[in-house]
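Listing of target.txt; format and content: compact mmCIF, C-alpha atoms.
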# COMPACT_ATOMS: atom_id res chain seq x y z
CA MET G 1 237.44 183.24 57.77
CA ALA G 2 239.34 185.91 59.65
CA GLU G 3 241.38 187.16 56.68
CA GLU G 4 238.30 187.41 54.47
CA GLN G 5 236.67 189.62 57.12
CA GLY G 6 239.76 191.80 57.38
CA GLN G 7 240.36 190.68 60.94
CA ARG G 8 243.43 189.35 62.62
CA PRO G 9 243.43 185.55 62.89
CA ARG G 10 241.97 184.51 66.25
CA ILE G 11 244.10 182.13 68.25
CA VAL G 12 243.30 180.48 71.58
CA VAL G 13 246.31 179.37 73.62
CA MET G 14 245.68 176.92 76.48
CA GLY G 15 248.02 175.98 79.30
CA GLY G 16 249.89 177.48 82.21
CA GLY G 17 253.31 177.76 83.78
CA THR G 18 256.57 179.20 82.47
CA GLY G 19 256.50 177.59 79.02
CA LEU G 20 253.25 179.28 78.04
CA SER G 21 254.48 182.70 79.19
CA VAL G 22 257.76 182.37 77.25
CA MET G 23 255.93 181.48 74.05
CA LEU G 24 253.41 184.31 74.42
CA ARG G 25 256.17 186.92 74.58
CA GLY G 26 256.97 186.08 70.97
CA LEU G 27 253.45 185.36 69.80
CA LYS G 28 252.08 188.74 70.94
CA GLU G 29 254.37 190.44 68.40
CA LYS G 30 252.51 188.76 65.53
CA PRO G 31 249.31 190.25 64.04
CA LEU G 32 247.08 187.84 65.94
CA ASP G 33 244.02 188.23 68.17
CA ILE G 34 245.17 186.14 71.16
CA THR G 35 243.08 184.67 73.97
CA ALA G 36 245.03 182.79 76.64
CA ILE G 37 243.03 180.29 78.70
CA VAL G 38 244.97 179.50 81.85
CA THR G 39 244.67 176.64 84.33
CA VAL G 40 243.36 177.30 87.85
CA ALA G 41 244.69 174.14 89.51
CA ASP G 42 247.87 175.61 91.06
CA ASP G 43 248.07 175.04 94.82
CA GLY G 44 251.74 175.68 95.64
CA GLY G 45 253.72 178.64 96.98
CA SER G 46 252.22 182.12 97.04
CA SER G 47 249.30 181.07 94.82
CA GLY G 48 248.40 178.21 97.14
CA ILE G 49 248.44 180.44 100.23
CA LEU G 50 246.21 183.08 98.62
CA ARG G 51 243.92 180.38 97.26
CA ASN G 52 243.44 178.84 100.70
CA GLU G 53 243.29 182.01 102.78
CA LEU G 54 241.20 184.20 100.47
CA GLN G 55 239.13 181.46 98.78
CA MET G 56 240.10 182.71 95.32
CA PRO G 57 241.47 180.96 92.23
CA PRO G 58 245.28 180.75 92.25
CA PRO G 59 246.74 183.88 90.62
CA GLY G 60 250.31 182.76 89.77
CA ASP G 61 249.91 181.37 86.26
CA ILE G 62 247.47 184.14 85.34
CA ARG G 63 249.94 186.76 86.59
CA ASN G 64 252.78 185.27 84.52
CA VAL G 65 250.67 185.24 81.37
CA LEU G 66 249.38 188.80 81.94
CA THR G 67 252.97 190.03 82.34
CA ALA G 68 254.09 188.18 79.19
CA MET G 69 251.30 189.70 77.11
CA ALA G 70 251.45 193.20 78.58
CA ASP G 71 252.74 196.38 76.95
CA VAL G 72 254.60 197.71 79.98
CA GLU G 73 258.02 199.04 80.80
CA PRO G 74 260.55 196.38 81.89
CA LEU G 75 260.52 197.82 85.42
CA MET G 76 256.78 197.22 85.72
CA ALA G 77 257.25 193.62 84.60
CA GLN G 78 259.93 193.25 87.29
CA ILE G 79 257.56 194.68 89.88
CA MET G 80 254.88 192.14 88.97
CA LYS G 81 257.39 189.29 89.33
CA TYR G 82 259.00 190.66 92.50
CA ARG G 83 258.93 188.13 95.33
CA PHE G 84 259.38 189.18 98.96
CA SER G 85 262.28 187.37 100.61
CA SER G 86 261.49 188.42 104.16
CA GLY G 87 258.72 189.83 106.32
CA GLU G 88 256.21 187.96 108.40
CA GLY G 89 253.33 186.98 106.17
CA LEU G 90 255.04 188.49 103.10
CA ALA G 91 258.01 186.17 102.59
CA GLY G 92 257.50 184.05 99.47
CA HIS G 93 254.65 186.13 98.07
CA SER G 94 254.82 187.60 94.57
CA LEU G 95 253.76 191.25 94.45
CA GLY G 96 251.80 190.53 91.27
CA ASN G 97 249.83 187.83 93.06
CA LEU G 98 248.99 190.27 95.86
CA ILE G 99 247.86 192.89 93.34
CA LEU G 100 245.56 190.35 91.70
CA ALA G 101 244.22 189.36 95.12
CA ALA G 102 243.53 193.04 95.90
CA LEU G 103 241.77 193.60 92.57
CA THR G 104 239.67 190.49 93.17
CA ASP G 105 238.57 191.91 96.52
CA ILE G 106 237.95 195.41 95.12
CA SER G 107 236.01 194.25 92.06
CA GLY G 108 234.14 191.46 93.82
CA ASP G 109 235.34 188.52 91.74
CA PHE G 110 238.50 187.06 90.26
CA VAL G 111 237.52 187.27 86.60
CA THR G 112 236.75 191.00 86.88
CA GLY G 113 240.05 191.48 88.74
CA VAL G 114 241.94 189.82 85.89
CA ARG G 115 240.08 191.97 83.38
CA GLU G 116 240.94 195.17 85.26
CA LEU G 117 244.63 194.27 85.53
CA SER G 118 244.62 193.44 81.80
CA ARG G 119 243.29 196.93 81.10
CA LEU G 120 245.84 198.61 83.38
CA PHE G 121 248.69 196.67 81.75
CA ALA G 122 247.51 197.22 78.16
CA VAL G 123 247.54 193.45 77.59
CA ARG G 124 247.67 192.48 73.91
CA GLY G 125 244.73 190.12 73.79
CA ARG G 126 242.69 188.51 76.53
CA VAL G 127 243.70 186.39 79.50
CA LEU G 128 240.98 184.15 80.95
CA PRO G 129 241.04 181.61 83.75
CA ALA G 130 239.76 178.23 82.55
CA ALA G 131 237.08 178.48 85.24
CA GLY G 132 235.87 181.11 87.70
CA GLU G 133 236.70 178.89 90.67
CA ALA G 134 239.79 177.04 91.83
CA VAL G 135 239.89 173.31 91.13
CA VAL G 136 241.76 170.51 92.84
CA LEU G 137 243.89 168.32 90.61
CA HIS G 138 244.29 164.63 91.50
CA ALA G 139 246.54 162.02 89.92
CA GLU G 140 246.00 158.28 89.88
CA MET G 141 249.42 156.65 89.80
CA ALA G 142 250.29 153.38 88.07
CA ASP G 143 250.32 151.60 91.44
CA GLY G 144 246.76 152.75 92.18
CA THR G 145 247.58 155.44 94.74
CA ILE G 146 245.91 158.84 94.47
CA VAL G 147 247.99 162.01 94.83
CA THR G 148 246.06 165.21 95.58
CA GLY G 149 247.28 168.66 94.65
CA GLU G 150 248.99 170.06 91.55
CA SER G 151 252.22 170.81 93.41
CA LYS G 152 252.35 167.34 95.00
CA ILE G 153 251.98 165.31 91.80
CA PRO G 154 255.52 165.77 90.38
CA GLU G 155 256.95 165.19 93.86
CA ALA G 156 255.26 161.78 94.23
CA GLY G 157 257.98 160.15 92.15
CA GLY G 158 255.69 157.60 90.55
CA VAL G 159 254.30 156.94 87.08
CA ILE G 160 251.11 158.91 86.37
CA LYS G 161 248.25 156.87 84.94
CA ARG G 162 245.74 159.73 84.71
CA VAL G 163 244.81 163.08 86.23
CA PHE G 164 241.31 164.29 87.10
CA LEU G 165 239.62 167.37 88.52
CA GLU G 166 237.52 168.04 91.58
CA PRO G 167 234.83 169.13 91.00
CA ALA G 168 234.69 166.98 87.87
CA GLU G 169 231.91 169.04 86.27
CA VAL G 170 233.50 172.44 86.82
CA GLU G 171 231.95 175.13 84.63
CA PRO G 172 234.23 177.02 82.24
CA LEU G 173 233.95 180.76 81.75
CA PRO G 174 231.40 181.59 79.01
CA GLU G 175 234.03 183.92 77.47
CA ALA G 176 236.47 180.99 77.21
CA LEU G 177 233.88 178.85 75.41
CA GLU G 178 233.05 181.71 73.06
CA ALA G 179 236.75 182.26 72.27
CA ILE G 180 237.19 178.57 71.39
CA ARG G 181 234.07 178.54 69.20
CA ASN G 182 235.29 181.61 67.27
CA ALA G 183 238.94 180.57 67.02
CA ASP G 184 240.86 180.11 63.79
CA ALA G 185 243.56 178.24 65.73
CA ILE G 186 243.80 176.44 69.09
CA LEU G 187 247.22 175.90 70.62
CA CYS G 188 248.19 173.71 73.60
CA GLY G 189 251.59 173.79 75.28
CA PRO G 190 254.38 174.09 75.96
CA GLY G 191 254.23 173.41 79.70
CA SER G 192 253.81 170.70 82.28
CA LEU G 193 251.73 168.05 80.53
CA TYR G 194 249.76 166.71 83.49
CA THR G 195 249.62 169.81 85.70
CA SER G 196 249.33 172.74 83.24
CA ILE G 197 248.02 171.49 79.88
CA LEU G 198 245.63 168.65 80.72
CA PRO G 199 243.77 170.50 83.53
CA ASN G 200 242.29 172.83 80.89
CA LEU G 201 241.23 169.93 78.67
CA LEU G 202 239.65 168.19 81.68
CA VAL G 203 237.08 170.98 82.03
CA PRO G 204 234.30 169.06 80.22
CA LYS G 205 232.69 171.84 78.19
CA LEU G 206 236.08 173.29 77.23
CA ALA G 207 237.22 169.93 75.87
CA GLU G 208 233.92 169.50 73.98
CA ALA G 209 234.30 172.96 72.44
CA VAL G 210 237.88 172.21 71.32
CA VAL G 211 236.80 168.90 69.78
CA ALA G 212 233.88 170.55 67.95
CA SER G 213 235.97 173.44 66.62
CA SER G 214 237.00 173.56 62.96
CA ALA G 215 240.10 175.59 63.90
CA ILE G 216 243.59 174.29 63.24
CA LYS G 217 244.79 172.56 66.43
CA ILE G 218 248.47 172.64 67.30
CA PHE G 219 250.44 170.97 70.09
CA VAL G 220 253.79 172.49 71.06
CA CYS G 221 255.86 169.74 72.65
CA ASN G 222 258.24 170.41 75.52
CA VAL G 223 261.96 170.38 74.81
CA MET G 224 262.83 168.38 77.95
CA THR G 225 261.07 165.70 79.96
CA GLN G 226 259.80 166.74 83.37
CA PRO G 227 260.85 164.68 86.42
CA GLY G 228 257.83 163.15 88.14
CA GLU G 229 255.53 163.86 85.19
CA THR G 230 256.95 162.80 81.84
CA ASP G 231 260.07 160.75 82.66
CA ASN G 232 261.39 159.12 79.47
CA TYR G 233 258.43 160.40 77.41
CA THR G 234 258.83 160.71 73.66
CA VAL G 235 256.80 163.13 71.52
CA SER G 236 254.23 160.41 70.79
CA ASP G 237 253.92 159.66 74.53
CA HIS G 238 252.88 163.28 75.14
CA LEU G 239 250.27 163.07 72.38
CA GLN G 240 249.03 159.69 73.63
CA ALA G 241 248.49 161.11 77.13
CA VAL G 242 246.23 163.81 75.67
CA TYR G 243 244.37 161.21 73.62
CA ASP G 244 243.89 158.99 76.67
CA HIS G 245 242.35 161.84 78.65
CA VAL G 246 240.22 163.43 75.92
CA GLY G 247 239.35 160.22 74.10
CA LEU G 248 239.88 161.70 70.66
CA HIS G 249 242.61 162.60 68.19
CA LEU G 250 242.78 166.31 69.00
CA PHE G 251 245.66 167.93 67.11
CA ASP G 252 246.44 168.47 63.43
CA TYR G 253 250.05 169.56 63.94
CA VAL G 254 252.78 169.03 66.53
CA ILE G 255 255.71 171.43 66.75
CA VAL G 256 258.89 169.86 68.11
CA ASN G 257 262.52 170.75 68.63
CA ASP G 258 265.05 168.81 66.58
CA GLY G 259 268.00 171.07 67.36
CA GLU G 260 271.03 169.64 69.12
CA ILE G 261 271.23 170.39 72.83
CA PRO G 262 274.87 170.84 73.97
CA GLU G 263 276.22 167.95 76.01
CA GLN G 264 277.09 170.13 79.00
CA VAL G 265 273.48 171.40 79.08
CA GLN G 266 272.15 167.83 78.91
CA ILE G 267 274.42 166.88 81.82
CA LYS G 268 273.10 169.80 83.88
CA TYR G 269 269.49 168.75 83.26
CA ALA G 270 270.25 165.04 83.75
CA GLU G 271 271.33 165.83 87.31
CA LYS G 272 267.71 166.79 87.98
CA GLY G 273 266.31 163.80 86.07
CA ALA G 274 265.37 165.58 82.83
CA ARG G 275 266.44 164.65 79.32
CA PRO G 276 265.59 165.82 75.79
CA VAL G 277 262.21 164.70 74.48
CA GLN G 278 262.92 162.38 71.57
CA LEU G 279 260.98 162.73 68.33
CA ASP G 280 259.80 159.21 67.47
CA ARG G 281 258.77 160.31 64.00
CA GLU G 282 257.36 157.02 62.79
CA ALA G 283 254.94 156.74 65.73
CA VAL G 284 253.85 160.39 65.44
CA ASP G 285 253.35 160.18 61.66
CA GLY G 286 251.59 156.84 62.03
CA ASN G 287 248.96 158.41 64.28
CA GLY G 288 248.15 161.06 61.69
CA TYR G 289 249.89 164.09 63.18
CA LYS G 290 251.77 166.47 60.91
CA VAL G 291 255.18 167.37 62.33
CA ILE G 292 256.90 170.75 62.22
CA ALA G 293 260.47 170.18 63.42
CA ASP G 294 263.09 172.89 63.75
CA LYS G 295 265.92 174.05 65.99
CA LEU G 296 263.73 175.73 68.59
CA VAL G 297 265.89 176.00 71.71
CA LEU G 298 267.89 178.75 73.34
CA PHE G 299 270.07 178.32 76.40
CA LYS G 300 270.95 181.05 78.88
CA THR G 301 270.40 180.01 82.47
CA TYR G 302 267.71 177.54 81.39
CA LEU G 303 266.64 175.89 78.17
CA ARG G 304 263.78 177.81 76.63
CA HIS G 305 261.94 177.78 73.33
CA ASP G 306 263.23 180.26 70.77
CA THR G 307 260.12 182.46 70.82
CA ASP G 308 260.87 184.15 67.48
CA LYS G 309 261.19 180.87 65.58
CA LEU G 310 258.29 179.24 67.42
CA SER G 311 255.91 182.15 66.85
CA HIS G 312 256.95 182.26 63.17
CA HIS G 313 255.97 178.60 62.68
CA ILE G 314 252.68 179.07 64.53
CA TYR G 315 251.76 182.21 62.59
CA GLN G 316 252.62 180.57 59.26
CA LEU G 317 250.49 177.51 60.07
CA VAL G 318 247.54 179.70 61.05
CA LYS G 319 247.84 181.89 57.95
CA ASP G 320 248.02 178.86 55.66
CA TRP G 321 245.05 177.24 57.38
CA ILE G 322 242.65 180.18 57.10
CA SER G 323 243.65 180.95 53.49
CA ARG G 324 242.82 177.43 52.28

Structure rendered as structure tokens:
Amino acid sequence: MAEEQGQRPRIVVMGGGTGLSVMLRGLKEKPLDITAIVTVADDGGSSGILRNELQMPPPGDIRNVLTAMADVEPLMAQIMKYRFSSGEGLAGHSLGNLILAALTDISGDFVTGVRELSRLFAVRGRVLPAAGEAVVLHAEMADGTIVTGESKIPEAGGVIKRVFLEPAEVEPLPEALEAIRNADAILCGPGSLYTSILPNLLVPKLAEAVVASSAIKIFVCNVMTQPGETDNYTVSDHLQAVYDHVGLHLFDYVIVNDGEIPEQVQIKYAEKGARPVQLDREAVDGNGYKVIADKLVLFKTYLRHDTDKLSHHIYQLVKDWISR
């Protein structure tokens, strides 16, 4: 075990999008050896343009995670997130995405580009794409129609039956497989269930490695439902969707928010079709998951996980697991 060897506990975090980046800002402050495995299915905005024009994996989610885990001055983080608002060919592009595209071209491949930017930014841990190539995400809706493209799926407005990758047998990075095999803990979420979390678990060898691992496996559930993806989903619905795609009971623990969300905040989110994810405790317990529930939300402009509290619970679970 990691503690017996005098090492920091090794944790693999899988996902993508804003939720993962927010959580990592707190988690990187803990004495953990972190590897983030990030989805490469994004096809919208700046990432989608660079993906199509330069034939590279989409850089957006990777860039967000690198910035979250970096030891840089706040100004440098702002530079990485800066998005051009005007300029022919520049409008809409994130500067960080362009830097990653340049490093990919200079180094000869995307993975090396990510590694070089990690070194320049003194990233605490490792950031790895789930695969060395971009993948296309498809969704089969409840009415049988197929929606193609990660950015198009939430916009379809239907009920998602399942998502799947093209190519189906995409190869994961060897470093990602090695990180999972050596992990003391594997963490999925928070983030868009069908378009950020599941795409990683749909990479066949990655899913097999997670299933085979003896690490503690933790699912961090979203605070709010996501319109077009998880409308009216409870906590157990999120877990069931993972089960349906992987075919196995994957997680030991689920971390959920049970803090009250102010009514005016709920009204604001309801206007966009989102509502708090309800903890249906009996269903979750009945399926063998252990629940960690706490007041885990903060509200400024948007609802976000309280990264200090969330990282405390994660770190405590990991410490307890490896000291058994």

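Nearest-residue note for G:Leu198: choosing from G:Gly16, G:Pro172, G:Gly45, G:Gly273, the minimum distance belongs to G:Gly16, counting all atoms listed in the file.
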
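With distances restricted to only C-alpha atoms, G:Met56 is the closest residue to G:Ala102 from G:Met56, G:Leu66, G:Val123, G:Ile267.
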
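Each of G:Ala131, G:Arg281, G:Leu317, G:Asp61 was checked against G:Lys217 using all atoms listed in the file; the smallest atom-to-atom distance is that of G:Leu317.
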
- Item | Residue neighbourhood G:Asp33, 8 Å, only C-alpha atoms, exclusion window fewer than 2 positions, as a ChimeraX atom specification | /G:8-11,31,35,125

- Expressed in Å to a single decimal, how great is the separation between atom CA of G:Thr225 and atom CA of G:Pro57? 27.7 Å

Residues within 8 Å of stretch 245-248 of chain G, only C-alpha atoms, excluding chain neighbours under 5 positions, as a compact mmCIF listing (two decimals) with C-alpha atoms, in the coordinates of the input:
# COMPACT_ATOMS: atom_id res chain seq x y z
CA ARG G 162 245.74 159.73 84.71
CA LEU G 198 245.63 168.65 80.72
CA LEU G 201 241.23 169.93 78.67
CA LEU G 202 239.65 168.19 81.68
CA ALA G 207 237.22 169.93 75.87
CA VAL G 211 236.80 168.90 69.78

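When only C-alpha atoms are used to compute distances to G:Tyr243, the closest of the residues G:Leu50, G:Asn287, G:Lys309, G:Asn97 turns out to be G:Asn287.
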
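Of the residues listed (G:Arg115, G:Lys295, G:His93, G:Lys290), G:Lys295 shows the shortest atom-to-atom separation from G:Asp308; distances use all atoms listed in the file.
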
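In terms of minimum interatomic distance to G:Val318, G:Ala183 ranks closest within G:Ile160, G:Ala183, G:Leu296, G:Leu206, counting all atoms listed in the file.
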
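Rounded to one decimal, atom CA of G:Ala215 and atom CA of G:Met14 lie 13.8 Å from each other.
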
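Within 10 Å of the file-frame point (234.4, 180.2, 74.2), and using all atoms listed in the file, the polymer residues found are G:Val12, G:Thr35, G:Ile37, G:Pro172, G:Leu173, G:Pro174, G:Glu175, G:Ala176, G:Leu177, G:Glu178, G:Ala179, G:Ile180, G:Arg181, G:Asn182, G:Ala183, G:Lys205, G:Leu206, G:Ala209, G:Val210.
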
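Atom CA of G:Ala68 is found 8.6 Å from atom CA of G:Met23.
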
- List the residues sitting within 12 Å of (258.3, 165.4, 68.2) in the file's frame, using all atoms listed in the file, as a ChimeraX atom specification. /G:219-224,233-239,253-259,276-285,289-296

- Determine, counting all atoms listed in the file, which protein, DNA and RNA residues have an atom within 10 Å of an atom of stretch 75-90 of chain G; residues of the same chain fewer than 3 positions away are not included. Present the result as a count of residues only. 19

Got a sec to write stretch 264-286 of chain G of the block to a file, N, CA and C atoms, as a short mmCIF file (atom, residue, chain, number, x, y, z; two decimals), in the first residue's frame?
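What follows is the written file part.cif:
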data_model
loop_
_atom_site.label_atom_id
_atom_site.label_comp_id
_atom_site.auth_asym_id
_atom_site.auth_seq_id
_atom_site.Cartn_x
_atom_site.Cartn_y
_atom_site.Cartn_z
N GLN G 264 -34.15 30.97 -4.30
CA GLN G 264 -33.91 31.86 -5.43
C GLN G 264 -32.90 31.28 -6.41
N VAL G 265 -31.95 30.47 -5.89
CA VAL G 265 -30.97 29.81 -6.76
C VAL G 265 -31.66 28.70 -7.55
N GLN G 266 -32.54 27.94 -6.88
CA GLN G 266 -33.29 26.90 -7.58
C GLN G 266 -34.14 27.48 -8.70
N ILE G 267 -34.75 28.65 -8.44
CA ILE G 267 -35.58 29.29 -9.46
C ILE G 267 -34.73 29.67 -10.67
N LYS G 268 -33.54 30.22 -10.40
CA LYS G 268 -32.64 30.61 -11.48
C LYS G 268 -32.27 29.41 -12.36
N TYR G 269 -31.96 28.28 -11.72
CA TYR G 269 -31.59 27.08 -12.47
C TYR G 269 -32.80 26.45 -13.15
N ALA G 270 -33.96 26.53 -12.51
CA ALA G 270 -35.18 25.95 -13.09
C ALA G 270 -35.54 26.62 -14.42
N GLU G 271 -35.19 27.89 -14.55
CA GLU G 271 -35.45 28.60 -15.81
C GLU G 271 -34.71 27.96 -16.98
N LYS G 272 -33.61 27.29 -16.67
CA LYS G 272 -32.83 26.60 -17.71
C LYS G 272 -33.10 25.10 -17.74
N GLY G 273 -34.04 24.66 -16.90
CA GLY G 273 -34.44 23.25 -16.91
C GLY G 273 -33.65 22.36 -15.97
N ALA G 274 -32.89 22.94 -15.05
CA ALA G 274 -32.10 22.15 -14.10
C ALA G 274 -32.72 22.21 -12.72
N ARG G 275 -32.58 21.11 -11.97
CA ARG G 275 -33.08 21.09 -10.60
C ARG G 275 -32.11 20.28 -9.74
N PRO G 276 -32.18 20.40 -8.42
CA PRO G 276 -31.27 19.64 -7.57
C PRO G 276 -31.42 18.13 -7.77
N VAL G 277 -30.31 17.44 -7.77
CA VAL G 277 -30.33 15.97 -7.85
C VAL G 277 -30.75 15.44 -6.49
N GLN G 278 -31.82 14.68 -6.47
CA GLN G 278 -32.36 14.15 -5.21
C GLN G 278 -31.64 12.87 -4.79
N LEU G 279 -31.31 12.79 -3.52
CA LEU G 279 -30.71 11.57 -2.98
C LEU G 279 -31.83 10.61 -2.59
N ASP G 280 -32.03 9.58 -3.42
CA ASP G 280 -33.00 8.52 -3.10
C ASP G 280 -32.25 7.43 -2.34
N ARG G 281 -32.08 7.69 -1.09
CA ARG G 281 -31.17 6.92 -0.21
C ARG G 281 -31.48 5.42 -0.22
N GLU G 282 -32.73 5.10 -0.17
CA GLU G 282 -33.10 3.67 -0.09
C GLU G 282 -32.63 2.92 -1.32
N ALA G 283 -32.81 3.52 -2.49
CA ALA G 283 -32.40 2.86 -3.75
C ALA G 283 -30.88 2.75 -3.82
N VAL G 284 -30.17 3.80 -3.40
CA VAL G 284 -28.70 3.79 -3.45
C VAL G 284 -28.15 2.76 -2.47
N ASP G 285 -28.65 2.79 -1.23
CA ASP G 285 -28.22 1.80 -0.23
C ASP G 285 -28.55 0.38 -0.68
N GLY G 286 -29.74 0.22 -1.26
CA GLY G 286 -30.18 -1.11 -1.68
C GLY G 286 -29.32 -1.73 -2.76
#
